[in-house]
$ cat query-v9.cif   # mmCIF, C-alpha atoms and all ligand atoms
data_entry
loop_
_atom_site.label_atom_id
_atom_site.label_comp_id
_atom_site.auth_asym_id
_atom_site.auth_seq_id
_atom_site.Cartn_x
_atom_site.Cartn_y
_atom_site.Cartn_z
CA MET A 192 -61.50 133.05 -131.01
CA ARG A 193 -62.44 133.70 -127.39
CA VAL A 194 -60.93 136.72 -125.61
CA TYR A 195 -61.02 137.23 -121.85
CA ILE A 196 -60.80 140.86 -120.77
CA SER A 197 -60.04 141.77 -117.16
CA VAL A 198 -60.95 145.39 -116.45
CA ASP A 199 -59.83 147.42 -113.46
CA MET A 200 -60.44 151.16 -113.06
CA GLU A 201 -57.27 152.94 -111.94
CA GLY A 202 -55.61 152.55 -115.34
CA VAL A 203 -58.65 153.60 -117.35
CA SER A 204 -58.43 156.54 -119.77
CA GLY A 205 -58.97 159.84 -117.97
CA VAL A 206 -58.61 158.44 -114.43
CA THR A 207 -55.99 160.32 -112.41
CA ARG A 208 -56.51 159.83 -108.69
CA TRP A 209 -58.12 157.51 -106.15
CA GLN A 210 -61.19 159.77 -105.81
CA ASP A 211 -61.97 159.06 -109.49
CA VAL A 212 -62.51 155.37 -108.73
CA ILE A 213 -64.57 155.41 -105.51
CA THR A 214 -68.32 155.86 -105.19
CA THR A 215 -68.19 159.35 -103.63
CA GLY A 216 -65.68 160.83 -106.09
CA GLN A 217 -66.61 163.83 -108.24
CA ASP A 218 -65.85 161.98 -111.50
CA TYR A 219 -66.69 158.40 -110.47
CA GLN A 220 -69.79 158.17 -112.68
CA ARG A 221 -67.87 159.57 -115.64
CA ALA A 222 -65.01 157.16 -114.93
CA ARG A 223 -67.50 154.26 -115.14
CA SER A 224 -68.34 155.37 -118.68
CA TRP A 225 -64.64 155.76 -119.58
CA MET A 226 -64.03 152.27 -118.20
CA THR A 227 -66.85 150.88 -120.34
CA ALA A 228 -65.58 152.70 -123.43
CA ASP A 229 -62.06 151.33 -122.86
CA VAL A 230 -63.50 147.81 -122.81
CA ASN A 231 -65.51 148.51 -125.95
CA ALA A 232 -62.34 149.73 -127.67
CA ALA A 233 -60.49 146.50 -126.80
CA VAL A 234 -63.45 144.46 -128.07
CA ALA A 235 -63.63 146.46 -131.32
CA GLY A 236 -59.90 146.07 -131.96
CA ALA A 237 -59.94 142.33 -131.26
CA ARG A 238 -63.01 141.92 -133.43
CA ALA A 239 -61.28 143.71 -136.31
CA ALA A 240 -58.60 141.03 -136.09
CA GLY A 241 -61.17 138.23 -136.15
CA ALA A 242 -62.07 137.55 -132.49
CA SER A 243 -65.75 136.75 -132.02
CA ASP A 244 -66.33 135.73 -128.41
CA PHE A 245 -65.70 138.05 -125.43
CA VAL A 246 -65.86 137.62 -121.67
CA VAL A 247 -65.33 140.78 -119.62
CA GLU A 248 -64.51 140.40 -115.94
CA GLU A 249 -64.85 143.33 -113.57
CA ASN A 250 -61.96 143.55 -111.13
CA HIS A 251 -62.23 146.96 -109.49
CA GLY A 252 -62.94 146.32 -105.81
CA VAL A 253 -65.54 149.08 -105.29
CA GLU A 254 -69.32 148.48 -105.24
CA MET A 255 -68.72 144.73 -104.98
CA LEU A 256 -66.90 144.64 -108.33
CA CYS A 257 -69.81 146.22 -110.25
CA ASN A 258 -68.58 149.35 -112.04
CA LEU A 259 -69.20 148.98 -115.79
CA VAL A 260 -72.22 150.76 -117.32
CA LEU A 261 -74.11 147.88 -118.87
CA ASP A 262 -76.28 150.14 -121.05
CA GLU A 263 -73.14 151.35 -122.78
CA ILE A 264 -71.21 148.11 -123.27
CA ASP A 265 -70.74 146.26 -126.55
CA GLU A 266 -73.62 143.83 -127.08
CA ALA A 267 -71.29 140.94 -127.94
CA VAL A 268 -69.79 140.58 -124.44
CA GLU A 269 -70.65 138.49 -121.43
CA VAL A 270 -69.83 140.31 -118.17
CA VAL A 271 -68.64 138.66 -114.94
CA ARG A 272 -69.38 141.03 -112.03
CA GLY A 273 -70.27 141.00 -108.34
CA GLN A 274 -68.79 138.91 -105.55
CA PRO A 275 -68.07 136.34 -104.25
CA ARG A 276 -67.38 134.29 -107.37
CA GLY A 277 -67.27 130.76 -106.10
CA GLY A 278 -63.78 129.51 -105.42
CA ALA A 279 -61.95 132.22 -107.31
CA THR A 280 -61.49 135.85 -106.35
CA THR A 281 -60.65 136.77 -109.89
CA ALA A 282 -60.24 135.28 -113.35
CA ALA A 283 -63.29 133.30 -112.26
CA ALA A 284 -64.39 132.28 -115.74
CA LEU A 285 -60.94 132.08 -117.33
CA ASP A 286 -60.08 128.59 -118.55
CA SER A 287 -58.31 126.86 -121.41
CA SER A 288 -61.26 127.60 -123.74
CA CYS A 289 -59.93 131.20 -123.86
CA ASP A 290 -57.33 132.10 -126.48
CA ALA A 291 -56.07 135.35 -124.96
CA LEU A 292 -56.19 137.54 -121.87
CA MET A 293 -56.34 141.32 -122.18
CA LEU A 294 -55.76 143.62 -119.19
CA VAL A 295 -57.63 146.93 -119.50
CA GLY A 296 -57.48 149.73 -116.91
CA HIS A 297 -54.94 147.91 -114.76
CA HIS A 298 -52.41 149.85 -112.65
CA ALA A 299 -48.80 149.70 -111.48
CA LYS A 300 -47.70 147.77 -108.39
CA VAL A 301 -47.20 149.30 -104.97
CA GLY A 302 -44.06 151.42 -104.74
CA ASP A 303 -43.51 151.64 -108.51
CA TYR A 304 -43.36 155.44 -108.60
CA PRO A 305 -44.92 157.36 -110.30
CA GLY A 306 -47.62 154.83 -111.23
CA VAL A 307 -51.12 156.35 -111.06
CA CYS A 308 -52.95 154.88 -108.03
CA ALA A 309 -50.12 152.33 -107.74
CA HIS A 310 -50.94 149.52 -105.30
CA THR A 311 -51.00 145.76 -105.09
CA ILE A 312 -54.31 144.17 -104.07
CA SER A 313 -54.93 146.50 -101.09
CA TYR A 314 -54.69 150.25 -101.68
CA GLY A 315 -54.15 151.10 -98.04
CA ASP A 316 -52.91 148.06 -96.16
CA TYR A 317 -50.05 146.53 -98.18
CA GLN A 318 -46.50 147.87 -98.25
CA ASP A 319 -45.38 145.16 -100.66
CA VAL A 320 -46.46 141.83 -102.12
CA ARG A 321 -43.61 139.53 -103.10
CA LEU A 322 -43.59 136.37 -105.20
CA HIS A 323 -40.46 134.20 -104.90
CA GLY A 324 -38.81 137.09 -103.05
CA ARG A 325 -39.46 139.95 -105.51
CA SER A 326 -42.29 142.49 -105.80
CA VAL A 327 -45.15 141.29 -107.98
CA SER A 328 -47.94 143.27 -109.64
CA GLU A 329 -51.60 142.37 -109.98
CA GLY A 330 -51.03 142.24 -113.73
CA GLU A 331 -48.29 139.63 -113.35
CA ILE A 332 -50.53 137.60 -111.06
CA PHE A 333 -53.34 137.69 -113.64
CA ALA A 334 -50.92 136.77 -116.43
CA THR A 335 -49.69 133.83 -114.36
CA ILE A 336 -53.20 132.58 -113.61
CA ALA A 337 -53.84 132.67 -117.36
CA ALA A 338 -50.49 131.02 -118.12
CA GLN A 339 -51.42 128.10 -115.84
CA ALA A 340 -54.46 127.60 -118.10
CA GLY A 341 -52.19 127.86 -121.15
CA VAL A 342 -53.56 131.30 -122.07
CA PRO A 343 -51.19 134.13 -123.11
CA THR A 344 -51.68 137.74 -121.99
CA VAL A 345 -51.63 139.85 -125.13
CA LEU A 346 -52.59 143.42 -124.15
CA ILE A 347 -52.08 145.87 -121.30
CA ALA A 348 -53.95 149.20 -121.40
CA GLY A 349 -53.08 151.68 -118.65
CA ASP A 350 -50.41 154.24 -117.76
CA ASP A 351 -46.82 154.07 -118.99
CA VAL A 352 -45.60 152.55 -115.69
CA VAL A 353 -47.86 149.48 -115.76
CA GLY A 354 -47.08 149.09 -119.47
CA ALA A 355 -43.35 148.87 -118.72
CA GLU A 356 -43.98 146.45 -115.83
CA MET A 357 -45.95 144.08 -118.02
CA GLN A 358 -43.44 144.18 -120.87
CA LYS A 359 -40.86 142.79 -118.42
CA VAL A 360 -42.99 139.81 -117.41
CA CYS A 361 -44.90 139.12 -120.65
CA PRO A 362 -42.47 139.34 -123.56
CA GLY A 363 -44.23 140.51 -126.71
CA ILE A 364 -47.30 141.94 -124.97
CA GLU A 365 -48.97 144.85 -126.80
CA VAL A 366 -49.17 148.09 -124.81
CA ALA A 367 -51.76 150.87 -125.06
CA THR A 368 -50.44 153.83 -123.03
CA VAL A 369 -53.49 155.95 -122.22
CA LYS A 370 -51.71 158.36 -119.84
CA ARG A 371 -48.24 159.32 -118.65
CA ALA A 372 -47.93 159.02 -114.88
CA LEU A 373 -46.50 162.01 -112.99
CA SER A 374 -47.18 160.77 -109.45
CA ARG A 375 -49.53 158.38 -107.68
CA THR A 376 -52.22 161.12 -107.99
CA SER A 377 -51.39 162.94 -111.22
CA ALA A 378 -50.83 162.22 -114.90
CA ALA A 379 -50.51 163.80 -118.30
CA ILE A 380 -53.83 162.71 -119.78
CA ILE A 381 -55.05 162.55 -123.35
CA PRO A 382 -58.81 162.74 -124.01
CA PRO A 383 -60.45 159.36 -123.40
CA ALA A 384 -61.78 159.23 -126.97
CA ARG A 385 -58.23 159.41 -128.34
CA ALA A 386 -56.94 156.92 -125.78
CA GLN A 387 -59.65 154.49 -126.82
CA GLY A 388 -58.37 154.69 -130.39
CA LEU A 389 -54.96 153.58 -129.09
CA ILE A 390 -56.54 150.68 -127.19
CA ALA A 391 -58.45 149.48 -130.27
CA ALA A 392 -55.33 149.63 -132.45
CA ALA A 393 -53.23 147.78 -129.84
CA ALA A 394 -55.91 145.10 -129.36
CA GLU A 395 -56.07 144.50 -133.11
CA ARG A 396 -52.26 144.20 -133.31
CA ALA A 397 -52.29 141.88 -130.28
CA ILE A 398 -54.68 139.37 -131.84
CA ASN A 399 -52.86 139.46 -135.17
CA ARG A 400 -49.51 138.88 -133.45
CA LEU A 401 -50.98 136.13 -131.26
CA ARG A 402 -52.10 134.33 -134.40
CA ALA A 403 -48.62 134.74 -135.87
CA GLY A 404 -47.15 133.03 -132.77
CA GLU A 405 -45.37 136.17 -131.60
CA ILE A 406 -46.97 136.29 -128.14
CA ILE A 407 -46.83 133.27 -125.84
CA ALA A 408 -47.77 132.66 -122.20
CA PRO A 409 -45.00 133.59 -119.71
CA ASP A 410 -42.98 131.01 -117.75
CA PHE A 411 -43.71 130.53 -114.05
CA THR A 412 -42.37 128.57 -111.09
CA SER A 413 -44.92 126.68 -108.99
CA PRO A 414 -45.67 126.40 -106.09
CA PHE A 415 -46.04 130.14 -105.74
CA ALA A 416 -44.32 131.41 -102.59
CA PHE A 417 -45.81 134.72 -101.44
CA GLU A 418 -44.98 137.25 -98.77
CA VAL A 419 -47.40 140.05 -97.95
CA GLN A 420 -45.82 142.95 -96.07
CA LEU A 421 -48.36 145.05 -94.21
CA ARG A 422 -48.02 148.77 -93.53
CA LYS A 423 -48.96 148.32 -89.87
CA PRO A 424 -47.79 145.63 -87.44
CA LEU A 425 -50.16 142.71 -86.86
CA SER A 426 -52.19 142.99 -83.66
CA SER A 427 -51.68 140.31 -81.05
CA GLU A 428 -55.27 139.21 -81.78
CA ALA A 429 -54.49 138.78 -85.50
CA ARG A 430 -51.32 136.84 -84.67
CA ALA A 431 -53.27 134.52 -82.40
CA VAL A 432 -56.08 133.91 -84.93
CA ILE A 433 -53.61 133.23 -87.75
CA GLY A 434 -51.60 130.88 -85.53
CA GLU A 435 -54.62 128.94 -84.31
CA ARG A 436 -57.05 128.91 -87.23
CA PHE A 437 -55.20 129.83 -90.42
CA ARG A 438 -52.16 127.63 -90.32
CA GLU A 439 -51.68 127.79 -94.09
CA PHE A 440 -50.36 131.30 -93.33
CA SER A 441 -47.13 131.81 -91.42
CA ILE A 442 -45.98 134.97 -89.68
CA LEU A 443 -42.44 135.96 -90.70
CA ASP A 444 -42.14 139.14 -88.63
CA ASP A 445 -44.46 141.72 -87.05
CA ARG A 446 -45.68 142.96 -90.46
CA THR A 447 -45.10 140.07 -92.87
CA VAL A 448 -47.28 137.04 -93.59
CA ALA A 449 -46.16 134.21 -95.90
CA PHE A 450 -47.93 131.36 -97.67
CA GLU A 451 -47.65 129.26 -100.79
CA HIS A 452 -49.89 127.37 -103.16
CA ALA A 453 -49.45 125.43 -106.40
CA GLU A 454 -52.34 127.28 -108.09
CA MET A 455 -51.91 131.00 -108.65
CA ALA A 456 -55.67 131.59 -108.50
CA VAL A 457 -55.71 130.24 -104.94
CA ALA A 458 -52.51 132.04 -103.96
CA TYR A 459 -54.06 135.30 -105.18
CA ARG A 460 -57.10 134.66 -103.01
CA MET A 461 -54.85 134.06 -100.01
CA ALA A 462 -53.04 137.33 -100.75
CA ALA A 463 -56.40 139.13 -100.84
CA ILE A 464 -57.61 137.53 -97.60
CA THR A 465 -54.47 138.56 -95.71
CA GLN A 466 -55.76 142.14 -95.32
CA PHE A 467 -58.90 140.88 -93.58
CA LEU A 468 -56.90 138.51 -91.40
CA ALA A 469 -54.86 141.53 -90.30
CA ARG A 470 -57.77 143.92 -89.89
CA GLN A 471 -60.73 141.89 -88.65
CA PRO A 472 -59.46 138.42 -87.81
CA HIS A 473 -62.75 137.39 -86.19
CA ASP A 474 -64.87 138.34 -89.24
CA ILE A 475 -62.87 136.22 -91.65
CA ARG A 476 -65.70 133.71 -92.00
CA SER A 477 -67.45 136.16 -94.33
CA TYR A 478 -64.66 136.05 -96.92
ZN ZN B 501 -59.12 148.87 -108.92
#
$ encode --input "query-v9.cif" --output "structure tokens"
Amino acid sequence: MRVYISVDMEGVSGVTRWQDVITTGQDYQRARSWMTADVNAAVAGARAAGASDFVVEENHGVEMLCNLVLDEIDEAVEVVRGQPRGGATTAAALDSSCDALMLVGHHAKVGDYPGVCAHTISYGDYQDVRLHGRSVSEGEIFATIAAQAGVPTVLIAGDDVVGAEMQKVCPGIEVATVKRALSRTSAAIIPPARAQGLIAAAAERAINRLRAGEIIAPDFTSPFAFEVQLRKPLSSEARAVIGERFREFSILDDRTVAFEHAEMAVAYRMAAITQFLARQPHDIRSY
């Protein structure tokens, strides 16, 4: 059994605030070890239930998506890190050969108070990201990419807010709640070692329940119609560049860009690119 693990950092055990997950933060180096230990816990739990093959994909957008401590990670895994990753921004090696997706260290969507470090794709630039007219989380986007490959999402490890979000969109998903969110920058934390015990137990249950047919991939409606609402109005330069060169994007109002695509992996990439279109429209060639 092949398990694909996407790991972000904001929902990792012990992490409480944005400064914990950026290079200059006091606890960033410690948080890298917590992140690695959370992954190891998911691997150990899945292995206890019989999984043997593990791909871990780094999806925290700091240091070019290289945050795990490779000297500390379980020897059985293959790690996807760095960027760019060919045609895909994320879930780059996820395909129908995988049996399950696990989300470790993921975080709540923008505006879902009190989610720790809650945001969707861009921490600073996006007010909201909507799919078919309603707010969507990164976790739901990942689960949908996996669902298009026929792969169910079986585990979410993070704070209580992202756990509740994912239970709504992935019926039957196992949840490891490693902290209770108090605000975007505070949480009631349990020691990472104890949290990692919860992750291992949830991962083991997840694989056992997957085998029993109790967790299936969520439904989706394609093509995926997105709207990205920016915090700041688009500059006239950005409006001109989008209108002339990026006609797959349309401008709905002074802060909202819309697009659609039949593949969620591509739609996600378009949602990620929107921040650069807004910020540095003439540098977009580099993305
Ligand atoms: Zn992140």
$ closest_residue --input "query-v9.cif" --among "A:Asn250, A:Thr335, A:Ser328, A:Thr447" --to "Val271 in chain A" --atoms "only C-alpha atoms"
A:Asn250
$ closest_atom_pairs --input "query-v9.cif" --of "range 270-354 of chain A" --to "range 453-477 of chain A" --cutoff "12 Å" --atoms "only C-alpha atoms" --output "tab-separated table"
residue	atom	partner	partner_atom	distance
A:Gln274	CA	A:Ser477	CA	11.6
A:Pro275	CA	A:Ser477	CA	9.9
A:Arg276	CA	A:Arg460	CA	11.2
A:Gly277	CA	A:Arg460	CA	11.3
A:Gly278	CA	A:Val457	CA	8.1
A:Ala279	CA	A:Ala456	CA	6.4
A:Thr280	CA	A:Arg460	CA	5.6
A:Thr281	CA	A:Ala456	CA	7.3
A:Ala282	CA	A:Ala456	CA	7.6
A:Ala283	CA	A:Ala456	CA	8.7
A:Ala284	CA	A:Ala456	CA	11.4
A:Leu285	CA	A:Ala456	CA	10.3
A:Asp286	CA	A:Ala456	CA	11.4
A:Thr311	CA	A:Ala463	CA	9.5
A:Ile312	CA	A:Ala463	CA	6.3
A:Ser313	CA	A:Gln466	CA	7.3
A:Tyr314	CA	A:Gln466	CA	10.4
A:Gly315	CA	A:Gln466	CA	9.5
A:Asp316	CA	A:Gln466	CA	6.6
A:Tyr317	CA	A:Gln466	CA	7.7
A:Gln318	CA	A:Gln466	CA	11.3
A:Asp319	CA	A:Ala462	CA	11.0
A:Val320	CA	A:Ala462	CA	8.1
A:Arg321	CA	A:Ala462	CA	10.0
A:Leu322	CA	A:Ala458	CA	10.0
A:Val327	CA	A:Tyr459	CA	11.1
A:Ser328	CA	A:Tyr459	CA	11.0
A:Glu329	CA	A:Tyr459	CA	8.9
A:Gly330	CA	A:Tyr459	CA	11.4
A:Glu331	CA	A:Met455	CA	10.5
A:Ile332	CA	A:Met455	CA	7.2
A:Phe333	CA	A:Ala456	CA	8.3
A:Ala334	CA	A:Met455	CA	9.7
A:Thr335	CA	A:Met455	CA	6.7
A:Ile336	CA	A:Met455	CA	5.4
A:Ala337	CA	A:Met455	CA	9.1
A:Ala338	CA	A:Met455	CA	9.6
A:Gln339	CA	A:Met455	CA	7.8
A:Ala340	CA	A:Glu454	CA	10.2
$ residues_near_ligand --input "query-v9.cif" --ligand "ligand ZN 501 (chain B)" --cutoff "6 Å" --atoms "all atoms listed in the file" --output "PyMOL selection string"
chain A and resi 199-201+251-252
$ residues_around --input "query-v9.cif" --residues "Asp211 in chain A" --least-positions-apart "2" --cutoff "10 Å" --atoms "only C-alpha atoms" --output "short mmCIF file (atom, residue, chain, number, x, y, z; two decimals) with C-alpha atoms, in the frame of the given file"
data_model
loop_
_atom_site.label_atom_id
_atom_site.label_comp_id
_atom_site.auth_asym_id
_atom_site.auth_seq_id
_atom_site.Cartn_x
_atom_site.Cartn_y
_atom_site.Cartn_z
CA MET A 200 -60.44 151.16 -113.06
CA GLU A 201 -57.27 152.94 -111.94
CA GLY A 205 -58.97 159.84 -117.97
CA VAL A 206 -58.61 158.44 -114.43
CA THR A 207 -55.99 160.32 -112.41
CA ARG A 208 -56.51 159.83 -108.69
CA TRP A 209 -58.12 157.51 -106.15
CA ILE A 213 -64.57 155.41 -105.51
CA THR A 214 -68.32 155.86 -105.19
CA THR A 215 -68.19 159.35 -103.63
CA GLY A 216 -65.68 160.83 -106.09
CA GLN A 217 -66.61 163.83 -108.24
CA ASP A 218 -65.85 161.98 -111.50
CA TYR A 219 -66.69 158.40 -110.47
CA GLN A 220 -69.79 158.17 -112.68
CA ARG A 221 -67.87 159.57 -115.64
CA ALA A 222 -65.01 157.16 -114.93
CA ARG A 223 -67.50 154.26 -115.14
#
$ atom_distance --input "query-v9.cif" --atom1 "CA of Thr368 in chain A" --atom2 "CA of Val194 in chain A"
20.2 Å
$ atom_distance --input "query-v9.cif" --atom1 "CA of Met192 in chain A" --atom2 "CA of Asp244 in chain A"
6.1 Å
$ residues_near_point --input "query-v9.cif" --point "(-56.0, 147.9, -127.9)" --cutoff "7 Å" --atoms "all atoms listed in the file" --output "ChimeraX atom specification"
/A:232-233,236,346,348,367,389-395
$ build_atoms --input "query-v9.cif" --residues "range 401-414 of chain A" --atoms "N, CA and C atoms" --output "PDB file, in the coordinates of the input"
ATOM      1  N   LEU A 401     -50.726 137.410-131.928  1.00  0.00           N
ATOM      2  CA  LEU A 401     -50.980 136.130-131.260  1.00  0.00           C
ATOM      3  C   LEU A 401     -51.110 135.024-132.310  1.00  0.00           C
ATOM      4  N   ARG A 402     -51.881 135.315-133.340  1.00  0.00           N
ATOM      5  CA  ARG A 402     -52.100 134.330-134.400  1.00  0.00           C
ATOM      6  C   ARG A 402     -50.792 133.988-135.108  1.00  0.00           C
ATOM      7  N   ALA A 403     -49.912 134.964-135.205  1.00  0.00           N
ATOM      8  CA  ALA A 403     -48.620 134.740-135.870  1.00  0.00           C
ATOM      9  C   ALA A 403     -47.616 134.045-134.940  1.00  0.00           C
ATOM     10  N   GLY A 404     -48.040 133.728-133.703  1.00  0.00           N
ATOM     11  CA  GLY A 404     -47.150 133.030-132.770  1.00  0.00           C
ATOM     12  C   GLY A 404     -46.127 133.931-132.110  1.00  0.00           C
ATOM     13  N   GLU A 405     -46.366 135.235-132.157  1.00  0.00           N
ATOM     14  CA  GLU A 405     -45.370 136.170-131.600  1.00  0.00           C
ATOM     15  C   GLU A 405     -45.597 136.488-130.125  1.00  0.00           C
ATOM     16  N   ILE A 406     -46.725 136.063-129.574  1.00  0.00           N
ATOM     17  CA  ILE A 406     -46.970 136.290-128.140  1.00  0.00           C
ATOM     18  C   ILE A 406     -47.319 134.939-127.520  1.00  0.00           C
ATOM     19  N   ILE A 407     -46.560 134.544-126.502  1.00  0.00           N
ATOM     20  CA  ILE A 407     -46.830 133.270-125.840  1.00  0.00           C
ATOM     21  C   ILE A 407     -46.982 133.503-124.335  1.00  0.00           C
ATOM     22  N   ALA A 408     -47.569 132.531-123.644  1.00  0.00           N
ATOM     23  CA  ALA A 408     -47.770 132.660-122.200  1.00  0.00           C
ATOM     24  C   ALA A 408     -46.416 132.691-121.492  1.00  0.00           C
ATOM     25  N   PRO A 409     -46.280 133.510-120.426  1.00  0.00           N
ATOM     26  CA  PRO A 409     -45.000 133.590-119.710  1.00  0.00           C
ATOM     27  C   PRO A 409     -44.697 132.333-118.903  1.00  0.00           C
ATOM     28  N   ASP A 410     -43.406 132.115-118.634  1.00  0.00           N
ATOM     29  CA  ASP A 410     -42.980 131.010-117.750  1.00  0.00           C
ATOM     30  C   ASP A 410     -43.351 131.341-116.304  1.00  0.00           C
ATOM     31  N   PHE A 411     -43.469 130.303-115.485  1.00  0.00           N
ATOM     32  CA  PHE A 411     -43.710 130.530-114.050  1.00  0.00           C
ATOM     33  C   PHE A 411     -43.112 129.374-113.274  1.00  0.00           C
ATOM     34  N   THR A 412     -42.897 129.595-111.978  1.00  0.00           N
ATOM     35  CA  THR A 412     -42.370 128.570-111.090  1.00  0.00           C
ATOM     36  C   THR A 412     -43.394 128.293-110.001  1.00  0.00           C
ATOM     37  N   SER A 413     -43.915 127.067-109.974  1.00  0.00           N
ATOM     38  CA  SER A 413     -44.920 126.680-108.990  1.00  0.00           C
ATOM     39  C   SER A 413     -44.303 125.644-108.047  1.00  0.00           C
ATOM     40  N   PRO A 414     -44.650 125.589-106.764  1.00  0.00           N
ATOM     41  CA  PRO A 414     -45.670 126.400-106.090  1.00  0.00           C
ATOM     42  C   PRO A 414     -45.248 127.863-105.951  1.00  0.00           C
TER      43      PRO A 414
END
